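**Q** Next comes data.txt, compact mmCIF, C-alpha atoms and all ligand atoms:
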```
# COMPACT_ATOMS: atom_id res chain seq x y z
CA MET A 8 41.93 133.33 -56.31
CA LEU A 9 43.81 132.91 -59.58
CA GLY A 10 43.11 136.30 -61.15
CA GLU A 11 41.41 139.46 -59.97
CA CYS A 12 37.67 140.05 -59.81
CA LYS A 13 35.22 142.10 -57.77
CA ASP A 14 33.78 139.43 -55.49
CA ALA A 15 34.53 135.71 -55.48
CA ALA A 16 31.24 135.09 -53.65
CA LEU A 17 29.42 135.79 -56.94
CA SER A 18 30.90 132.65 -58.50
CA GLN A 19 27.81 130.40 -58.20
CA GLU A 20 25.56 133.05 -59.76
CA GLY A 21 28.15 133.39 -62.53
CA LYS A 22 28.17 129.61 -63.09
CA ARG A 23 24.37 129.51 -63.45
CA ARG A 24 24.47 132.35 -65.98
CA ILE A 25 27.32 130.77 -67.95
CA GLU A 26 25.40 127.48 -68.16
CA TRP A 27 22.28 129.35 -69.32
CA ALA A 28 24.27 130.90 -72.20
CA ASP A 29 25.91 127.56 -72.98
CA ALA A 30 22.50 126.05 -73.76
CA SER A 31 22.28 128.50 -76.71
CA MET A 32 25.83 127.80 -77.95
CA PRO A 33 25.59 124.32 -79.53
CA VAL A 34 28.36 124.81 -82.10
CA LEU A 35 30.89 125.85 -79.47
CA ALA A 36 29.70 123.02 -77.22
CA SER A 37 30.26 120.47 -79.99
CA ILE A 38 33.82 121.75 -80.46
CA ARG A 39 34.36 121.51 -76.70
CA THR A 40 33.13 117.91 -76.56
CA LYS A 41 35.44 116.93 -79.43
CA TRP A 42 38.41 118.79 -77.95
CA GLU A 43 37.96 117.22 -74.52
CA LYS A 44 38.97 113.92 -76.14
CA GLU A 45 41.48 115.11 -78.73
CA LYS A 46 43.25 117.95 -76.84
CA PRO A 47 44.40 119.74 -80.04
CA LEU A 48 45.67 122.77 -78.08
CA LYS A 49 47.68 120.77 -75.54
CA GLY A 50 50.15 123.04 -73.75
CA LEU A 51 49.32 126.12 -75.87
CA ARG A 52 49.40 129.41 -73.92
CA ILE A 53 46.65 131.87 -74.90
CA SER A 54 46.18 135.44 -73.57
CA ALA A 55 42.67 136.66 -74.31
CA CYS A 56 41.36 140.22 -74.06
CA LEU A 57 37.59 140.03 -74.58
CA HIS A 58 34.40 141.37 -73.02
CA VAL A 59 34.05 139.25 -69.89
CA THR A 60 30.55 137.89 -70.46
CA THR A 61 28.80 134.54 -70.12
CA GLU A 62 29.50 133.82 -73.81
CA THR A 63 33.20 134.57 -73.44
CA ALA A 64 33.30 132.25 -70.43
CA ASN A 65 32.09 129.40 -72.64
CA LEU A 66 34.82 130.16 -75.17
CA MET A 67 37.43 130.09 -72.39
CA ARG A 68 36.06 126.74 -71.15
CA THR A 69 36.36 125.38 -74.70
CA LEU A 70 39.99 126.49 -75.09
CA LYS A 71 40.84 124.95 -71.72
CA ALA A 72 39.05 121.71 -72.69
CA GLY A 73 41.29 121.63 -75.76
CA GLY A 74 44.33 121.56 -73.49
CA ALA A 75 45.31 125.26 -73.62
CA GLU A 76 46.53 127.35 -70.71
CA VAL A 77 44.40 130.50 -70.82
CA ALA A 78 44.48 133.91 -69.10
CA LEU A 79 41.64 136.37 -69.71
CA CYS A 80 41.33 140.13 -69.18
CA ALA A 81 38.60 142.64 -70.06
CA SER A 82 38.55 144.43 -73.42
CA ASN A 83 36.47 147.31 -72.02
CA PRO A 84 36.29 148.72 -68.49
CA LEU A 85 32.47 148.79 -68.41
CA SER A 86 31.48 145.50 -70.07
CA THR A 87 32.63 143.03 -67.40
CA GLN A 88 30.00 140.85 -65.78
CA ASP A 89 31.47 140.53 -62.27
CA ALA A 90 29.70 137.24 -61.51
CA VAL A 91 31.20 135.72 -64.67
CA ALA A 92 34.72 136.87 -63.74
CA ALA A 93 34.21 135.30 -60.31
CA ALA A 94 33.01 131.97 -61.76
CA LEU A 95 35.90 131.81 -64.23
CA ASN A 96 38.42 132.28 -61.41
CA VAL A 97 36.75 130.11 -58.78
CA VAL A 98 34.70 127.44 -60.58
CA TYR A 99 36.46 126.99 -63.91
CA GLN A 100 39.97 127.76 -62.63
CA ILE A 101 40.74 130.09 -65.53
CA PRO A 102 42.72 133.16 -64.38
CA THR A 103 40.59 136.20 -65.18
CA TYR A 104 41.51 139.83 -64.55
CA ALA A 105 38.42 142.02 -64.81
CA ILE A 106 36.38 144.31 -62.57
CA ARG A 107 33.41 146.24 -63.94
CA GLY A 108 34.15 149.98 -63.75
CA GLU A 109 37.92 149.55 -63.44
CA ASN A 110 39.90 152.70 -64.20
CA GLU A 111 42.40 152.99 -67.04
CA GLU A 112 45.37 152.12 -64.85
CA VAL A 113 43.74 148.91 -63.58
CA TYR A 114 42.48 148.11 -67.10
CA TYR A 115 46.05 148.14 -68.49
CA SER A 116 47.47 146.39 -65.42
CA HIS A 117 44.98 143.57 -66.14
CA ILE A 118 46.11 143.38 -69.76
CA ASN A 119 49.67 143.08 -68.51
CA ARG A 120 48.73 140.33 -66.06
CA ALA A 121 47.11 138.36 -68.89
CA LEU A 122 50.29 138.79 -70.92
CA ASP A 123 52.46 137.53 -68.06
CA ILE A 124 51.77 133.92 -69.13
CA LYS A 125 53.97 134.62 -72.20
CA PRO A 126 51.31 133.87 -74.81
CA GLN A 127 51.86 131.85 -77.96
CA ILE A 128 48.47 133.06 -79.20
CA THR A 129 46.76 136.38 -78.52
CA MET A 130 42.99 136.70 -78.76
CA ASP A 131 41.82 140.29 -78.90
CA ASP A 132 38.70 142.43 -79.20
CA GLY A 133 39.71 145.93 -80.28
CA ALA A 134 43.50 145.32 -80.41
CA ASP A 135 44.42 146.81 -77.00
CA LEU A 136 46.24 143.58 -76.07
CA VAL A 137 48.15 143.43 -79.36
CA ASN A 138 48.99 147.11 -79.04
CA THR A 139 50.29 146.70 -75.48
CA LEU A 140 52.31 143.66 -76.56
CA HIS A 141 53.89 145.54 -79.48
CA THR A 142 54.60 148.78 -77.62
CA LYS A 143 55.22 147.85 -73.96
CA ARG A 144 55.95 144.10 -73.85
CA ALA A 145 57.90 143.61 -77.08
CA GLU A 146 60.20 141.09 -75.36
CA LEU A 147 57.29 138.60 -75.60
CA ILE A 148 56.91 138.88 -79.39
CA PRO A 149 59.41 136.14 -80.39
CA GLY A 150 57.28 133.57 -78.54
CA VAL A 151 54.02 134.50 -80.28
CA LEU A 152 52.80 132.25 -83.12
CA GLY A 153 49.80 134.39 -84.06
CA GLY A 154 46.61 136.01 -82.90
CA THR A 155 42.92 136.48 -83.59
CA GLU A 156 40.83 139.66 -83.65
CA GLU A 157 37.13 139.78 -82.89
CA THR A 158 35.88 143.17 -84.00
CA THR A 159 35.71 145.59 -86.95
CA THR A 160 37.65 148.34 -85.14
CA GLY A 161 40.41 145.94 -84.15
CA VAL A 162 40.75 144.62 -87.70
CA ILE A 163 41.06 148.19 -89.02
CA ARG A 164 43.83 148.93 -86.50
CA LEU A 165 45.67 145.69 -87.29
CA LYS A 166 45.47 146.27 -91.05
CA ALA A 167 46.98 149.73 -90.44
CA MET A 168 49.80 148.03 -88.48
CA GLU A 169 50.35 145.58 -91.34
CA LYS A 170 50.44 148.43 -93.88
CA GLN A 171 52.95 150.36 -91.81
CA LYS A 172 55.00 147.14 -91.44
CA VAL A 173 54.89 147.19 -87.65
CA LEU A 174 52.74 144.09 -87.20
CA GLN A 175 55.07 141.43 -85.79
CA TYR A 176 53.02 138.25 -86.15
CA PRO A 177 50.07 136.87 -88.17
CA ILE A 178 46.51 137.68 -87.18
CA ILE A 179 43.26 136.03 -88.24
CA ALA A 180 40.45 138.56 -88.65
CA VAL A 181 37.58 136.65 -87.05
CA ASN A 182 35.32 139.66 -87.60
CA ASP A 183 35.53 139.20 -91.36
CA ALA A 184 34.14 135.65 -91.35
CA LEU A 185 30.63 135.60 -92.83
CA THR A 186 29.36 133.49 -89.92
CA LYS A 187 30.58 136.31 -87.67
CA HIS A 188 29.65 139.71 -89.05
CA MET A 189 26.46 138.74 -90.90
CA PHE A 190 24.92 137.55 -87.64
CA ASP A 191 26.81 138.93 -84.62
CA ASN A 192 27.33 142.46 -85.98
CA ARG A 193 23.90 142.68 -87.61
CA TYR A 194 21.44 140.82 -85.38
CA GLY A 195 23.57 140.90 -82.23
CA THR A 196 24.30 144.64 -82.24
CA GLY A 197 20.83 145.44 -83.56
CA GLN A 198 19.03 143.75 -80.69
CA SER A 199 21.51 144.34 -77.85
CA THR A 200 21.82 148.07 -78.57
CA LEU A 201 18.06 148.51 -78.30
CA ASP A 202 18.19 146.34 -75.17
CA GLY A 203 20.83 148.66 -73.63
CA ILE A 204 18.82 151.79 -74.45
CA LEU A 205 15.66 150.25 -73.00
CA ARG A 206 17.31 149.03 -69.80
CA ALA A 207 18.97 152.43 -69.28
CA THR A 208 15.96 154.63 -70.04
CA ASN A 209 12.77 152.51 -70.02
CA PHE A 210 11.63 154.73 -72.93
CA LEU A 211 9.16 153.78 -75.65
CA ILE A 212 10.91 153.54 -79.02
CA ALA A 213 7.69 153.71 -81.08
CA GLY A 214 7.12 157.14 -82.57
CA THR A 215 10.62 158.45 -81.83
CA THR A 216 13.02 159.79 -84.42
CA PHE A 217 15.98 157.44 -84.13
CA VAL A 218 19.28 158.43 -85.72
CA VAL A 219 21.79 155.70 -86.62
CA ALA A 220 25.26 157.01 -87.49
CA GLY A 221 26.95 154.46 -89.76
CA TYR A 222 25.39 151.84 -92.05
CA GLY A 223 27.91 149.02 -91.74
CA TRP A 224 26.72 145.62 -90.54
CA CYS A 225 26.06 146.94 -87.02
CA GLY A 226 24.24 150.04 -88.27
CA LYS A 227 22.11 147.95 -90.65
CA GLY A 228 21.01 145.66 -87.85
CA LEU A 229 20.25 148.54 -85.54
CA ALA A 230 18.29 150.55 -88.13
CA MET A 231 16.25 147.44 -88.98
CA ARG A 232 15.42 146.71 -85.34
CA ALA A 233 14.64 150.36 -84.47
CA ARG A 234 12.20 150.47 -87.39
CA GLY A 235 10.70 147.20 -86.17
CA ALA A 236 10.08 148.84 -82.79
CA GLY A 237 8.16 151.65 -84.50
CA ALA A 238 10.79 154.40 -84.74
CA ASN A 239 11.23 156.78 -87.67
CA VAL A 240 14.81 155.96 -88.57
CA ILE A 241 17.37 158.36 -90.03
CA VAL A 242 20.74 157.07 -91.21
CA THR A 243 23.93 159.12 -91.60
CA GLU A 244 26.76 157.79 -93.77
CA ILE A 245 30.00 158.88 -95.46
CA ASP A 246 30.16 156.05 -98.00
CA PRO A 247 28.08 156.54 -101.18
CA LEU A 248 27.25 152.84 -101.62
CA LYS A 249 26.18 152.34 -98.03
CA GLY A 250 24.23 155.60 -98.15
CA LEU A 251 22.46 154.40 -101.30
CA GLU A 252 21.77 151.03 -99.72
CA ALA A 253 20.18 152.78 -96.72
CA VAL A 254 17.99 154.87 -99.06
CA MET A 255 16.84 151.76 -100.93
CA ASP A 256 16.25 149.96 -97.63
CA GLY A 257 13.70 152.71 -97.01
CA PHE A 258 15.51 154.94 -94.50
CA GLN A 259 15.92 158.71 -94.59
CA VAL A 260 19.58 159.51 -95.23
CA MET A 261 21.06 162.91 -94.39
CA ASP A 262 24.06 164.54 -92.77
CA MET A 263 24.41 164.77 -88.99
CA ASP A 264 24.05 168.59 -89.04
CA ARG A 265 20.47 168.12 -90.18
CA ALA A 266 19.74 164.90 -88.25
CA ALA A 267 20.95 166.53 -85.02
CA ARG A 268 17.95 168.90 -85.08
CA LEU A 269 15.44 166.08 -85.64
CA GLY A 270 16.54 163.15 -83.50
CA ASP A 271 15.16 161.95 -80.17
CA ILE A 272 17.66 159.09 -79.86
CA PHE A 273 21.13 158.99 -81.45
CA VAL A 274 23.37 155.93 -81.72
CA THR A 275 26.87 155.97 -83.20
CA VAL A 276 28.20 152.78 -84.84
CA THR A 277 30.86 154.16 -87.18
CA GLY A 278 34.24 153.26 -85.62
CA ASN A 279 35.28 156.89 -86.08
CA ILE A 280 35.97 159.85 -83.83
CA ASN A 281 33.71 162.81 -82.89
CA VAL A 282 30.83 161.73 -85.10
CA ILE A 283 28.57 163.64 -82.72
CA ASP A 284 30.37 166.87 -81.89
CA GLU A 285 29.90 170.24 -80.23
CA ARG A 286 28.02 171.76 -83.18
CA HIS A 287 25.52 168.91 -83.06
CA PHE A 288 24.85 169.25 -79.32
CA LYS A 289 24.19 172.96 -79.94
CA VAL A 290 21.10 172.20 -82.03
CA MET A 291 19.73 169.04 -80.39
CA LYS A 292 16.28 168.90 -78.81
CA ASP A 293 15.87 169.13 -75.06
CA GLY A 294 16.03 165.60 -73.66
CA ALA A 295 17.87 164.02 -76.60
CA ILE A 296 19.38 160.60 -75.82
CA VAL A 297 22.90 160.07 -77.14
CA CYS A 298 24.77 156.77 -77.04
CA ASN A 299 27.37 154.66 -78.79
CA SER A 300 27.67 151.02 -79.86
CA GLY A 301 31.03 151.34 -81.62
CA HIS A 302 34.06 149.73 -79.99
CA PHE A 303 35.70 152.82 -78.45
CA ASP A 304 34.18 155.71 -76.52
CA VAL A 305 35.45 158.26 -79.06
CA GLU A 306 32.42 158.57 -81.35
CA ILE A 307 30.61 161.09 -79.15
CA ASN A 308 32.66 164.13 -78.13
CA LYS A 309 31.86 163.91 -74.44
CA THR A 310 34.69 166.30 -73.52
CA ALA A 311 32.98 169.02 -75.58
CA LEU A 312 29.62 168.09 -74.05
CA ALA A 313 31.06 168.44 -70.54
CA LYS A 314 32.62 171.81 -71.43
CA MET A 315 29.35 173.16 -72.83
CA SER A 316 27.38 172.08 -69.76
CA LYS A 317 26.77 174.03 -66.58
CA ASP A 318 25.80 170.91 -64.67
CA LYS A 319 25.65 167.12 -64.89
CA ILE A 320 23.44 164.79 -62.89
CA GLN A 321 23.14 161.04 -62.84
CA ALA A 322 19.47 160.67 -63.75
CA ARG A 323 19.44 156.85 -63.63
CA GLU A 324 21.98 154.05 -63.70
CA ASN A 325 23.89 154.45 -66.99
CA VAL A 326 22.24 157.83 -67.74
CA ASP A 327 24.13 161.10 -67.25
CA GLU A 328 22.09 164.22 -67.90
CA TYR A 329 24.16 167.17 -69.08
CA ILE A 330 22.47 170.54 -68.54
CA LEU A 331 23.53 173.08 -71.16
CA GLU A 332 23.77 176.86 -70.52
CA ASP A 333 20.34 177.44 -72.12
CA GLY A 334 18.75 174.76 -69.91
CA ARG A 335 18.47 172.01 -72.54
CA ARG A 336 19.32 168.49 -71.30
CA ILE A 337 21.39 166.02 -73.30
CA ARG A 338 21.29 162.50 -71.89
CA LEU A 339 24.43 160.45 -72.44
CA LEU A 340 24.15 156.69 -71.87
CA ALA A 341 26.91 154.50 -70.44
CA GLU A 342 29.48 157.31 -70.55
CA GLY A 343 29.60 156.96 -74.32
CA ARG A 344 30.96 153.40 -74.05
CA LEU A 345 29.37 150.42 -75.82
CA VAL A 346 25.77 150.80 -74.62
CA ASN A 347 24.90 147.22 -75.54
CA LEU A 348 27.54 145.78 -73.24
CA ALA A 349 27.61 148.45 -70.52
CA ALA A 350 23.84 148.83 -70.03
CA ALA A 351 22.80 145.36 -71.25
CA GLU A 352 24.59 142.01 -71.67
CA GLY A 353 26.02 142.30 -75.19
CA HIS A 354 25.01 140.10 -78.06
CA PRO A 355 22.88 137.07 -77.24
CA ALA A 356 24.58 133.70 -76.92
CA VAL A 357 22.95 132.27 -80.05
CA VAL A 358 25.01 134.59 -82.32
CA MET A 359 28.14 134.61 -80.15
CA ASP A 360 28.09 130.84 -80.65
CA MET A 361 29.22 131.31 -84.25
CA SER A 362 31.64 134.17 -83.51
CA PHE A 363 33.37 132.17 -80.81
CA ALA A 364 33.37 128.95 -82.83
CA ASN A 365 35.35 131.01 -85.38
CA GLN A 366 37.70 132.10 -82.58
CA ALA A 367 38.24 128.54 -81.36
CA LEU A 368 38.82 127.01 -84.80
CA SER A 369 41.06 129.92 -85.85
CA VAL A 370 43.28 129.31 -82.82
CA GLU A 371 43.56 125.64 -83.79
CA TYR A 372 44.37 126.69 -87.37
CA ILE A 373 47.16 129.06 -86.26
CA PHE A 374 48.62 126.39 -83.95
CA LYS A 375 48.75 123.89 -86.85
CA ASN A 376 49.84 126.29 -89.59
CA SER A 377 51.92 129.01 -87.93
CA GLU A 378 55.02 128.18 -89.95
CA LYS A 379 53.19 129.00 -93.20
CA LEU A 380 51.79 132.33 -91.99
CA GLU A 381 53.43 135.73 -92.45
CA LYS A 382 53.15 138.97 -90.48
CA LYS A 383 49.80 139.75 -92.10
CA VAL A 384 46.09 139.99 -91.36
CA TYR A 385 44.41 136.88 -92.79
CA PRO A 386 40.74 136.01 -93.31
CA VAL A 387 39.25 133.02 -91.50
CA PRO A 388 39.74 130.03 -93.88
CA GLU A 389 36.56 129.55 -95.92
CA ALA A 390 36.34 125.89 -94.89
CA ILE A 391 35.98 126.96 -91.24
CA ASP A 392 33.27 129.52 -92.09
CA GLN A 393 31.31 126.92 -94.10
CA GLU A 394 31.66 124.26 -91.40
CA ILE A 395 30.32 126.64 -88.74
CA ALA A 396 27.30 127.50 -90.90
CA ARG A 397 26.67 123.79 -91.44
CA LEU A 398 26.92 122.98 -87.73
CA LYS A 399 24.66 125.91 -86.81
CA LEU A 400 21.98 124.83 -89.28
CA ALA A 401 22.22 121.24 -88.01
CA SER A 402 21.72 122.51 -84.44
CA MET A 403 18.54 124.22 -85.66
CA ASN A 404 17.33 121.05 -87.42
CA VAL A 405 17.38 122.85 -90.75
CA LYS A 406 18.02 120.60 -93.74
CA LEU A 407 19.37 122.11 -96.96
CA GLU A 408 18.78 120.94 -100.52
CA THR A 409 21.53 118.99 -102.28
CA LEU A 410 22.30 119.40 -105.98
CA THR A 411 21.20 116.54 -108.24
CA PRO A 412 23.85 115.21 -110.67
CA GLU A 413 21.91 116.94 -113.46
CA GLN A 414 22.12 120.26 -111.60
CA VAL A 415 25.84 119.84 -110.93
CA LYS A 416 26.35 119.26 -114.66
CA TYR A 417 24.21 122.27 -115.58
CA LEU A 418 26.16 124.61 -113.28
CA ALA A 419 29.43 123.43 -114.83
CA SER A 420 28.21 123.92 -118.40
CA TYR A 421 28.07 126.95 -120.72
CA ASP A 422 26.30 125.59 -123.81
CA MET A 423 22.77 124.96 -122.48
CA GLY A 424 21.05 128.23 -123.52
CA THR A 425 17.59 129.24 -124.74
N1 LIG A 501 30.65 141.45 -78.03
C1 LIG A 501 29.37 141.76 -78.21
N2 LIG A 501 28.57 140.99 -77.44
C2 LIG A 501 29.39 140.15 -76.74
C3 LIG A 501 29.15 139.13 -75.81
N3 LIG A 501 27.93 138.80 -75.42
N4 LIG A 501 30.23 138.50 -75.30
C4 LIG A 501 31.47 138.83 -75.70
N5 LIG A 501 31.74 139.79 -76.58
C5 LIG A 501 30.71 140.44 -77.12
```
Kindly return the structure encoded in the file as structure tokens.

**A**
Amino acid sequence: MLGECKDAALSQEGKRRIEWADASMPVLASIRTKWEKEKPLKGLRISACLHVTTETANLMRTLKAGGAEVALCASNPLSTQDAVAAALNVVYQIPTYAIRGENEEVYYSHINRALDIKPQITMDDGADLVNTLHTKRAELIPGVLGGTEETTTGVIRLKAMEKQKVLQYPIIAVNDALTKHMFDNRYGTGQSTLDGILRATNFLIAGTTFVVAGYGWCGKGLAMRARGAGANVIVTEIDPLKGLEAVMDGFQVMDMDRAARLGDIFVTVTGNINVIDERHFKVMKDGAIVCNSGHFDVEINKTALAKMSKDKIQARENVDEYILEDGRRIRLLAEGRLVNLAAAEGHPAVVMDMSFANQALSVEYIFKNSEKLEKKVYPVPEAIDQEIARLKLASMNVKLETLTPEQVKYLASYDMGT
């Protein structure tokens, strides 16, 4: 065993699942095929901290095919697919440190094990790896060329580090690529969050009042899909433009104090802390479902919920029922962690294909260009974003129009008016 996983005997099941996902990841597969011949990452050491899923496994295979030495650890204690971790260690010979349900101590020990390879590139989802490297393993920093970040929350943290001048190496914000957030955040979170709620509760969504906190790309996707399933959707927002957009998209927009009284199902996707708090639990309906699809388990104040409750029972897998003093039950899913990854399997492979193609090509870009990069957060180069969109469309057999010479001329002109 190279790394640490729950049960190596799960490796063949993991392999089958990884191959199933791979069939929906043609862009990543085309990069892997090319890299198998060209080995553009030869000898490059990469420490990755990502959700250990079938899709991530295919990214790790691609990096290895490119010649990199890779070590992987989990970016969340509840999102690991144990069979995938087993297959990575046993079948694909990629050291992977991840056990679903690991406690905080084991979680950070796994991050440290992934860092032990002395990475030249870090690949992160939420910035826990970068944070550990900067605060506890700073001796490794001189060897790092750069890093990539997968998610909105991580990019926010890294931009704060850049602003406070503590960021010690360049990072590419994969999340900000259009071929990432327009598809993964919107359609991926939208569908997989509903999937997590359904698997946890087996409830009917139709006819419920469904409250979405946050109208970023993830919130937009979720509100759209909840409406599609027949829910009456309420959106809460702090940003006037996003609030206005939600109104014009046809949703009810209000503050959480009011929404708390009306909702049957609540989902937080804000990236902020205590979005659902004690005062909200006080007025919720009996049986309200509360869950989170933001990166960290801070959006729902579960400490306050526990304090207000006289009892807690595990009603089903991934459902804790908190019984308040007055007898009302509040049902918290997946301990307030990412419900789409903890109670379901995260975003489907077809969107992760583009996100992880961005990861792979961004690593190659950093390796080739590290001398030009400063200690800043950079966008994914536009050429990479465009190329991924082109490859994805080609994989779907979709042909675009091309401009005629006359149209090219027209677009470049200013004197052809009425
Ligand atoms: N983040 C959201 N969904 C994911 C998935 N399927 N794999 C890895 N990271 C994810």

**Q** Give as a list of chain:residue names each residue that has an atom at most 7 Å from (42.1, 136.9, -72.6) in the file, counting all atoms listed in the file.

**A** A:Ser54, A:Ala55, A:Cys56, A:Leu57, A:Ala78, A:Leu79, A:Cys80, A:Ala121, A:Met130

**Q** Output C-alpha atoms for every residue in the selection just made, as a tab-separated table (two decimals), keeping the file's coordinate frame.

**A**
```tsv
chain	number	residue	atom	x	y	z
A	54	SER	CA	46.18	135.44	-73.57
A	55	ALA	CA	42.67	136.66	-74.31
A	56	CYS	CA	41.36	140.22	-74.06
A	57	LEU	CA	37.59	140.03	-74.58
A	78	ALA	CA	44.48	133.91	-69.10
A	79	LEU	CA	41.64	136.37	-69.71
A	80	CYS	CA	41.33	140.13	-69.18
A	121	ALA	CA	47.11	138.36	-68.89
A	130	MET	CA	42.99	136.70	-78.76
```

**Q** What are the closest atom pairs, with distances in Å to one decimal, for each residue of chain A lying within 8 Å of ligand LIG 501 (chain A), using all atoms listed in the file, rows by chain and rising residue number, as CSV?

**A**
```
residue,atom,partner,partner_atom,distance
A:Leu57,CA,A:LIG501,N5,6.2
A:His58,CA,A:LIG501,C4,4.7
A:Val59,CA,A:LIG501,C4,6.4
A:Thr60,CA,A:LIG501,N4,4.9
A:Thr61,CA,A:LIG501,N4,6.7
A:Glu62,CA,A:LIG501,N4,5.0
A:Thr63,CA,A:LIG501,C4,5.1
A:Asp132,CA,A:LIG501,N5,7.9
A:Asp191,CA,A:LIG501,C1,7.5
A:Gly195,CA,A:LIG501,N2,6.9
A:Thr196,CA,A:LIG501,C1,7.1
A:Ser199,CA,A:LIG501,N2,7.8
A:Asn347,CA,A:LIG501,N2,7.5
A:Leu348,CA,A:LIG501,N2,6.5
A:Glu352,CA,A:LIG501,N3,6.0
A:Gly353,CA,A:LIG501,N2,3.6
A:His354,CA,A:LIG501,N2,3.7
A:Pro355,CA,A:LIG501,N3,5.6
A:Ala356,CA,A:LIG501,N3,6.3
A:Met359,CA,A:LIG501,N3,6.3
```

**Q** May I have the residues within 10 Å of Ala253 of chain A as an MDAnalysis selection string, using only C-alpha atoms and disregarding those fewer than 5 positions away in the same chain?

**A** chainID A and resid 221:223 226:227 230 241:244 247:248 258:260

**Q** Nearest to Gly73 of chain A: which of A:Ala207, A:Met168, A:Ala90, A:Leu48 is it, counting all atoms listed in the file?

**A**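 Ranked by minimum distance to Gly73 of chain A, first place goes to A:Leu48.
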
**Q** Measuring between all atoms listed in the file, which one of A:Thr155, A:Thr425, A:Thr200, A:Asn239 shows the shortest distance to Ala213 of chain A?

**A**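 The shortest atom-to-atom distance to Ala213 of chain A comes from A:Asn239.
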
**Q** Tell me, in Å to one decimal, how far atom CA of Leu140 of chain A is from atom CA of Ala350 of chain A.

**A**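 According to the coordinates, atom CA of Leu140 of chain A and atom CA of Ala350 of chain A are separated by 29.7 Å.
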
**Q** Dump as JSON lines the rows for residues of segment 183-288 of chain A within 9 Å of segment 364-379 of chain A: closest atom pair and distance in Å with one decimal, all atoms listed in the file counted, ordered by chain and rising residue number.

**A**
```
{"residue": "A:Ala184", "atom": "CA", "partner": "A:Asn365", "partner_atom": "CA", "distance": 7.7}
{"residue": "A:Thr186", "atom": "CA", "partner": "A:Asn365", "partner_atom": "CA", "distance": 7.9}
{"residue": "A:Lys187", "atom": "CA", "partner": "A:Asn365", "partner_atom": "CA", "distance": 7.5}
```

**Q** Find the distance between atom CA of His117 of chain A and atom CA of Val346 of chain A and write it in Å to one decimal.

**A**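 Atom CA of His117 of chain A sits 22.2 Å away from atom CA of Val346 of chain A.
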
**Q** Closest to Val218 of chain A among A:Tyr194, A:Phe273, A:Tyr421, A:Trp27, using only C-alpha atoms?

**A**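 Looking at the shortest contact to Val218 of chain A, the residue is A:Phe273.
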
**Q** Between A:Glu332, A:Asp123, A:Asp256, A:Glu156, which is the closest to Asn138 of chain A once you count all atoms listed in the file?

**A**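 Of A:Glu332, A:Asp123, A:Asp256, A:Glu156, the one nearest Asn138 of chain A, counting all atoms listed in the file, is A:Glu156.
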
**Q** So that I can see what lies close to Asn83 of chain A, please list as a list of chain:residue names the residues with an atom at most 10 Å from it, counting only C-alpha atoms and leaving out residues fewer than 6 positions away in the same chain.

**A**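 Here the answer would be A:Cys56, A:Leu57, A:His58, A:Val59, A:Ala105, A:Ile106, A:Arg107, A:Gly108, A:Glu109, A:Glu111, A:Tyr114, A:Asp132, A:Gly133, A:Asp135, A:His302, A:Phe303, A:Asp304, A:Arg344, A:Leu345, A:Leu348, A:Ala349.
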
**Q** Report the distance between atom CA of Arg268 of chain A and atom CA of Leu331 of chain A in Å, rounded to one decimal place.

**A** 15.6 Å

**Q** Within 12 Å of Val384 of chain A, counting all atoms listed in the file, which residues show up once you throw out same-chain ones fewer than 2 positions away? Write them as a ChimeraX atom specification, please.

**A** /A:153-156,161-170,172-183,380-382,386-387

**Q** Show me, as an mmCIF file with C-alpha atoms, in the coordinates of the input, the residues that have an atom within 10 Å of Lys309 of chain A when counting all atoms listed in the file, minus same-chain residues fewer than 3 positions from it.

**A**
```cif
data_model
loop_
_atom_site.group_PDB
_atom_site.id
_atom_site.type_symbol
_atom_site.label_atom_id
_atom_site.label_comp_id
_atom_site.auth_asym_id
_atom_site.auth_seq_id
_atom_site.Cartn_x
_atom_site.Cartn_y
_atom_site.Cartn_z
ATOM 1 C CA ASN A 281 33.710 162.810 -82.890
ATOM 2 C CA ILE A 283 28.570 163.640 -82.720
ATOM 3 C CA ASP A 284 30.370 166.870 -81.890
ATOM 4 C CA GLU A 285 29.900 170.240 -80.230
ATOM 5 C CA ASP A 304 34.180 155.710 -76.520
ATOM 6 C CA VAL A 305 35.450 158.260 -79.060
ATOM 7 C CA GLU A 306 32.420 158.570 -81.350
ATOM 8 C CA LEU A 312 29.620 168.090 -74.050
ATOM 9 C CA ALA A 313 31.060 168.440 -70.540
ATOM 10 C CA LYS A 314 32.620 171.810 -71.430
ATOM 11 C CA MET A 315 29.350 173.160 -72.830
ATOM 12 C CA TYR A 329 24.160 167.170 -69.080
ATOM 13 C CA LEU A 339 24.430 160.450 -72.440
ATOM 14 C CA GLU A 342 29.480 157.310 -70.550
ATOM 15 C CA GLY A 343 29.600 156.960 -74.320
#
```

**Q** Find, counting only C-alpha atoms, the residue in A:Ala419, A:Cys298, A:Leu407, A:Ile320 that gets nearest to Ala341 of chain A.

**A**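 With only C-alpha atoms as the atom set, the closest residue is A:Cys298.
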
**Q** May I ask which of the residues A:Gly235, A:Pro126, A:Gly270, A:Gly150 is the closest one to Phe217 of chain A, counting only C-alpha atoms?

**A**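 So, comparing all the options, the nearest one is A:Gly270.
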
**Q** Hey, what's within 10 Å of Val290 of chain A if we count all atoms listed in the file and toss same-chain stuff fewer than 6 positions away? As a VMD selection string, please?

**A** chain A and resid 264 to 269 335

**Q** Kindly extract all protein, DNA and RNA residues lying within 12 Å of the coordinates (18.1, 126.6, -85.1) given in the file, considering all atoms listed in the file, and supply them as a ChimeraX atom specification.

**A** /A:31-34,357-358,360,396-406
